[in-house]
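Engineer: Handing you a structure now.
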Number of protein chains: 2
Amino acid sequence: MLSQQSKYAVRGVIYLAIHASVNRKLGSREVGETINVPVPFLAKIFQNLNKEKLITSAKGPKGGFFLNEDQLSGNLLSVIKCIDGNGNFNSCFIGLPQCSDDNPCSIHHLAPPLRNTLINELKRKSIREFAKDTKKGKSHIF
Amino acid sequence: MLSQQSKYAVRGVIYLAIHASVNRKLGSREVGETINVPVPFLAKIFQNLNKEKLITSAKGPKGGFFLNEDQLSGNLLSVIKCIDGNGNFNSCFIGLPQCSDDNPCSIHHLAPPLRNTLINELKRKSIREFAKDTKKGKSHIF
DNA sequence: CATATAAAGGACATATTTATCTTTTATCTT
DNA sequence: AAGATAAAAGATAAATATGTCCTTTATATG
C-alpha cells in the first residue's frame, strides 16, 4: 500500500516531530542511523518533503531538519502523498484503470470503505498527535 | 497492497471461473488477450497457481486452464497468498519488522482492523460467488 | 504412431524502485 | 574573510519486480 520510501518518510517525520525543533535541528545521518533507514536515501526523502514545505531544513553548521508549529499541525497523508502521489491510495484494488463506484470491479465494494477510513484518520489526526502518542510509549517508530 | 502479479492472478482466476470448465479449458493466450494482461506473464502466474492446485491445467490439444468444483469453492485470499506470500498483507503499515499489537507502531491501530475486514471477506466469499456477481454484471474484471 | 497443440520450465530482457556517491551551494563560527 | 558543516542536486549503482522468449514435456486426435 505504501512504498518503502513513504514508510521511511512517515517514520522520519514522526521522529523529527518528537526530537527536533528550531533550536535542535537534526541531520539525516542522526535520524537515519537511529530509526534504521539508509542515510542517503532518507536525505533524499527529507529533501523532497522540504520542497513541499512539509518539513523545514537549514544548511550549514547546526543545520538540519525539523518541523515548525505549522508543520506539526499537518497530517501524515500529505507526507505520504508527497512521496507516493495519489496513485497507490486511490487506485483499484485489482488494478483496473476504469474501476469506479459506477463501474466497479469484482472486489470494488470491499476496499474503498476501509481505505477511506484509513485516509480520513491519516488526514484528521495531526503529526503532533502522532508524535505525542509515540512519545508516551503508546507506540514506536523503530 | 497487492503486487501487479496477484492483481493479474485475481482477474485471471475470476475469468476462468466464469468462462472455463473441464469441457472448455482456456489457454493463457485467450485469457490474457481478453482481460488485457501480458500473455507470457499470465502463463507464469497460472503455472504457479496450478502448482498449488488453486487452478487445474491440462497439456496438449484442447488443453488449458480451468477451476474444478473444489477450486471454485476456494477463496481469493489463497490466490493472493500463493503469489505474494503473507508479507504484503500482514506486514506493518510503516514497515517495522517487530510491529505487533503488544508493541505497536505509531499508526498500528489504524490499519489492522481495516485489513482484517478485507482479509475476512476475501476468505469468506468463494470464488464461485465472485464469479457469479461478475457474471450478473454487478462488477467487471477488464 | 505421427503430428499438432498447449503447458512447464528455465534463461533472458526491461523497467522501476531502492540505495549510494560526488559535487555544489548555503551558512554558521571563529 | 576562512574553514567547517550540512543540505541540495544530480549522476550512478544495485536490487527487485515485471515482462519475454525459447526449449522441453505431455497429450489429444487423426
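Just so we're on the same page: first chain in the C-alpha cells is A, next is B, and so on; residues restart at 1 for each chain, and ligands are numbered from 1 in the order they show up.
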Mind dumping a table of every chain A residue within 6 Å of chain D, with the nearest atom pair and its distance in Å to one decimal, using only C-alpha atoms (C1' of nucleotides), sorted by chain and rising number, as a Markdown table?
Structural biologist:
```
| residue | atom | partner | partner_atom | distance |
| --- | --- | --- | --- | --- |
| A:Lys59 | CA | D:DA7 | C1' | 5.0 |
| A:Gly60 | CA | D:DA6 | C1' | 4.7 |
| A:Pro61 | CA | D:DT5 | C1' | 4.2 |
| A:Gly63 | CA | D:DA6 | C1' | 5.8 |
```
Engineer: Using only C-alpha atoms, what table do you get, as CSV, when you list each residue of chain B with an atom no more than 7 Å from chain A, its nearest pair of atoms, and their distance in Å rounded to one decimal, rows by chain then rising number?
Structural biologist:
```
residue,atom,partner,partner_atom,distance
B:Met1,CA,A:Met1,CA,4.0
B:Lys7,CA,A:Ile94,CA,4.6
B:Ile94,CA,A:Lys7,CA,4.6
B:Gly95,CA,A:Lys7,CA,6.2
B:Leu96,CA,A:Phe142,CA,6.6
B:Asn103,CA,A:Ser139,CA,6.6
B:Pro104,CA,A:Ser139,CA,5.0
B:Cys105,CA,A:His140,CA,4.6
B:Ser106,CA,A:Ser139,CA,4.9
B:Leu110,CA,A:Leu118,CA,6.3
B:Ala111,CA,A:Leu118,CA,6.9
B:Leu114,CA,A:Leu114,CA,5.2
B:Leu118,CA,A:Leu110,CA,6.3
B:Phe130,CA,A:Ser106,CA,6.4
B:Thr134,CA,A:Ser106,CA,5.9
B:Ser139,CA,A:Cys105,CA,4.8
B:His140,CA,A:Cys105,CA,4.6
B:Ile141,CA,A:Cys105,CA,5.6
B:Phe142,CA,A:Leu96,CA,6.6
```
Engineer: Distance CA of Gly74 in chain B-CA of Phe41 in chain B, one decimal place?
Structural biologist: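 Those two atoms sit 23.0 Å apart.
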Engineer: For chain C, which residues have at least one atom within 9 Å of chain A, if we go by only C-alpha atoms (C1' of nucleotides)? Write them as a PyMOL selection string, please.
Structural biologist: chain C and resi 17-20+26-29
Engineer: For the atom pair CA of Val79 in chain B and CA of Arg128 in chain B, what is the interatomic distance in Å to one decimal place?
Structural biologist: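 A separation of 13.4 Å between them.
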Engineer: If you run DSSP over the backbone, which residues in range 39-83 of chain A end up alpha helix (DSSP H)? Put them as a ChimeraX atom specification.
Structural biologist: /A:39-51,69-72,76-83
Engineer: Can you write just those residues out, N, CA and C atoms, as a compact mmCIF listing (two decimals), in the first residue's frame?
Structural biologist:
```
# COMPACT_ATOMS: atom_id res chain seq x y z
N VAL A 39 20.84 6.15 5.26
CA VAL A 39 21.03 7.59 5.44
C VAL A 39 20.88 8.42 4.16
N PRO A 40 21.58 8.08 3.06
CA PRO A 40 21.46 8.95 1.87
C PRO A 40 20.06 8.92 1.29
N PHE A 41 19.40 7.78 1.47
CA PHE A 41 18.05 7.64 0.96
C PHE A 41 17.10 8.54 1.75
N LEU A 42 17.27 8.53 3.06
CA LEU A 42 16.46 9.40 3.90
C LEU A 42 16.72 10.86 3.58
N ALA A 43 17.97 11.18 3.27
CA ALA A 43 18.33 12.56 2.92
C ALA A 43 17.50 13.02 1.71
N LYS A 44 17.41 12.15 0.70
CA LYS A 44 16.60 12.46 -0.49
C LYS A 44 15.14 12.68 -0.10
N ILE A 45 14.65 11.84 0.74
CA ILE A 45 13.25 11.91 1.15
C ILE A 45 12.99 13.23 1.87
N PHE A 46 13.87 13.56 2.80
CA PHE A 46 13.74 14.83 3.53
C PHE A 46 13.82 16.01 2.55
N GLN A 47 14.68 15.86 1.57
CA GLN A 47 14.82 16.91 0.54
C GLN A 47 13.46 17.17 -0.12
N ASN A 48 12.80 16.10 -0.50
CA ASN A 48 11.50 16.23 -1.17
C ASN A 48 10.42 16.77 -0.24
N LEU A 49 10.45 16.34 1.00
CA LEU A 49 9.47 16.83 1.97
C LEU A 49 9.68 18.32 2.20
N ASN A 50 10.94 18.72 2.22
CA ASN A 50 11.27 20.14 2.39
C ASN A 50 10.78 20.98 1.22
N LYS A 51 10.94 20.43 0.00
CA LYS A 51 10.49 21.14 -1.20
C LYS A 51 9.02 21.49 -1.10
N GLU A 69 5.78 24.77 14.05
CA GLU A 69 4.44 24.55 14.65
C GLU A 69 3.39 24.26 13.58
N ASP A 70 3.49 24.98 12.50
CA ASP A 70 2.55 24.80 11.41
C ASP A 70 2.63 23.38 10.84
N GLN A 71 3.85 22.97 10.65
CA GLN A 71 4.07 21.64 10.06
C GLN A 71 3.65 20.54 11.02
N LEU A 72 3.81 20.78 12.31
CA LEU A 72 3.37 19.80 13.31
C LEU A 72 1.85 19.65 13.29
N LEU A 76 -0.21 13.16 8.22
CA LEU A 76 0.66 12.18 7.58
C LEU A 76 0.24 11.86 6.15
N LEU A 77 -1.03 12.09 5.85
CA LEU A 77 -1.47 11.84 4.47
C LEU A 77 -0.71 12.72 3.48
N SER A 78 -0.49 13.98 3.87
CA SER A 78 0.28 14.88 3.00
C SER A 78 1.68 14.34 2.78
N VAL A 79 2.25 13.80 3.84
CA VAL A 79 3.60 13.23 3.74
C VAL A 79 3.59 12.08 2.75
N ILE A 80 2.63 11.19 2.90
CA ILE A 80 2.53 10.02 2.03
C ILE A 80 2.29 10.45 0.58
N LYS A 81 1.39 11.40 0.41
CA LYS A 81 1.09 11.86 -0.95
C LYS A 81 2.27 12.57 -1.58
N CYS A 82 3.02 13.30 -0.77
CA CYS A 82 4.22 13.99 -1.28
C CYS A 82 5.18 12.99 -1.88
N ILE A 83 5.29 11.84 -1.30
CA ILE A 83 6.25 10.82 -1.76
C ILE A 83 5.65 9.92 -2.83
```
Engineer: As a VMD selection string, which residues of chain A does DSSP assign to strand (DSSP E or B)?
Structural biologist: chain A and resid 21 24 26 56 to 58 64 to 66 75 105 126 140
Engineer: Could you save the residues just selected, with N, CA and C atoms, as a PDB file, in the first residue's frame?
Structural biologist:
```
ATOM      1  N   SER A  21      13.644  20.444  16.759  1.00  0.00           N
ATOM      2  CA  SER A  21      12.984  21.746  16.892  1.00  0.00           C
ATOM      3  C   SER A  21      13.888  22.808  16.278  1.00  0.00           C
ATOM      4  N   ARG A  24      17.027  22.707  17.871  1.00  0.00           N
ATOM      5  CA  ARG A  24      17.719  21.408  17.875  1.00  0.00           C
ATOM      6  C   ARG A  24      17.414  20.679  16.563  1.00  0.00           C
ATOM      7  N   LEU A  26      18.076  18.317  13.381  1.00  0.00           N
ATOM      8  CA  LEU A  26      18.713  17.010  13.263  1.00  0.00           C
ATOM      9  C   LEU A  26      19.106  16.717  11.819  1.00  0.00           C
ATOM     10  N   THR A  56      11.092  21.503   7.601  1.00  0.00           N
ATOM     11  CA  THR A  56      11.957  22.657   7.373  1.00  0.00           C
ATOM     12  C   THR A  56      13.412  22.207   7.390  1.00  0.00           C
ATOM     13  N   SER A  57      14.225  22.794   6.506  1.00  0.00           N
ATOM     14  CA  SER A  57      15.640  22.443   6.506  1.00  0.00           C
ATOM     15  C   SER A  57      16.482  23.692   6.676  1.00  0.00           C
ATOM     16  N   ALA A  58      17.681  23.511   7.180  1.00  0.00           N
ATOM     17  CA  ALA A  58      18.644  24.604   7.280  1.00  0.00           C
ATOM     18  C   ALA A  58      20.020  24.063   6.968  1.00  0.00           C
ATOM     19  N   GLY A  64      20.134  21.287   9.684  1.00  0.00           N
ATOM     20  CA  GLY A  64      19.449  20.009   9.767  1.00  0.00           C
ATOM     21  C   GLY A  64      17.969  20.200   9.511  1.00  0.00           C
ATOM     22  N   PHE A  65      17.176  19.253   9.980  1.00  0.00           N
ATOM     23  CA  PHE A  65      15.742  19.290   9.718  1.00  0.00           C
ATOM     24  C   PHE A  65      14.924  19.365  10.996  1.00  0.00           C
ATOM     25  N   PHE A  66      13.739  19.948  10.867  1.00  0.00           N
ATOM     26  CA  PHE A  66      12.783  19.951  11.982  1.00  0.00           C
ATOM     27  C   PHE A  66      11.416  20.319  11.447  1.00  0.00           C
ATOM     28  N   ASN A  75      -0.695  16.768   8.538  1.00  0.00           N
ATOM     29  CA  ASN A  75      -1.049  15.355   8.705  1.00  0.00           C
ATOM     30  C   ASN A  75      -0.155  14.435   7.894  1.00  0.00           C
ATOM     31  N   CYS A 105     -15.144  -3.079 -10.048  1.00  0.00           N
ATOM     32  CA  CYS A 105     -14.534  -4.379 -10.267  1.00  0.00           C
ATOM     33  C   CYS A 105     -15.134  -5.382  -9.274  1.00  0.00           C
ATOM     34  N   SER A 126      -3.341  14.968  13.667  1.00  0.00           N
ATOM     35  CA  SER A 126      -2.155  15.752  13.324  1.00  0.00           C
ATOM     36  C   SER A 126      -0.878  14.979  13.623  1.00  0.00           C
ATOM     37  N   HIS A 140       5.683   2.999  18.714  1.00  0.00           N
ATOM     38  CA  HIS A 140       7.101   3.229  18.415  1.00  0.00           C
ATOM     39  C   HIS A 140       7.320   3.402  16.915  1.00  0.00           C
TER      40      HIS A 140
END
```
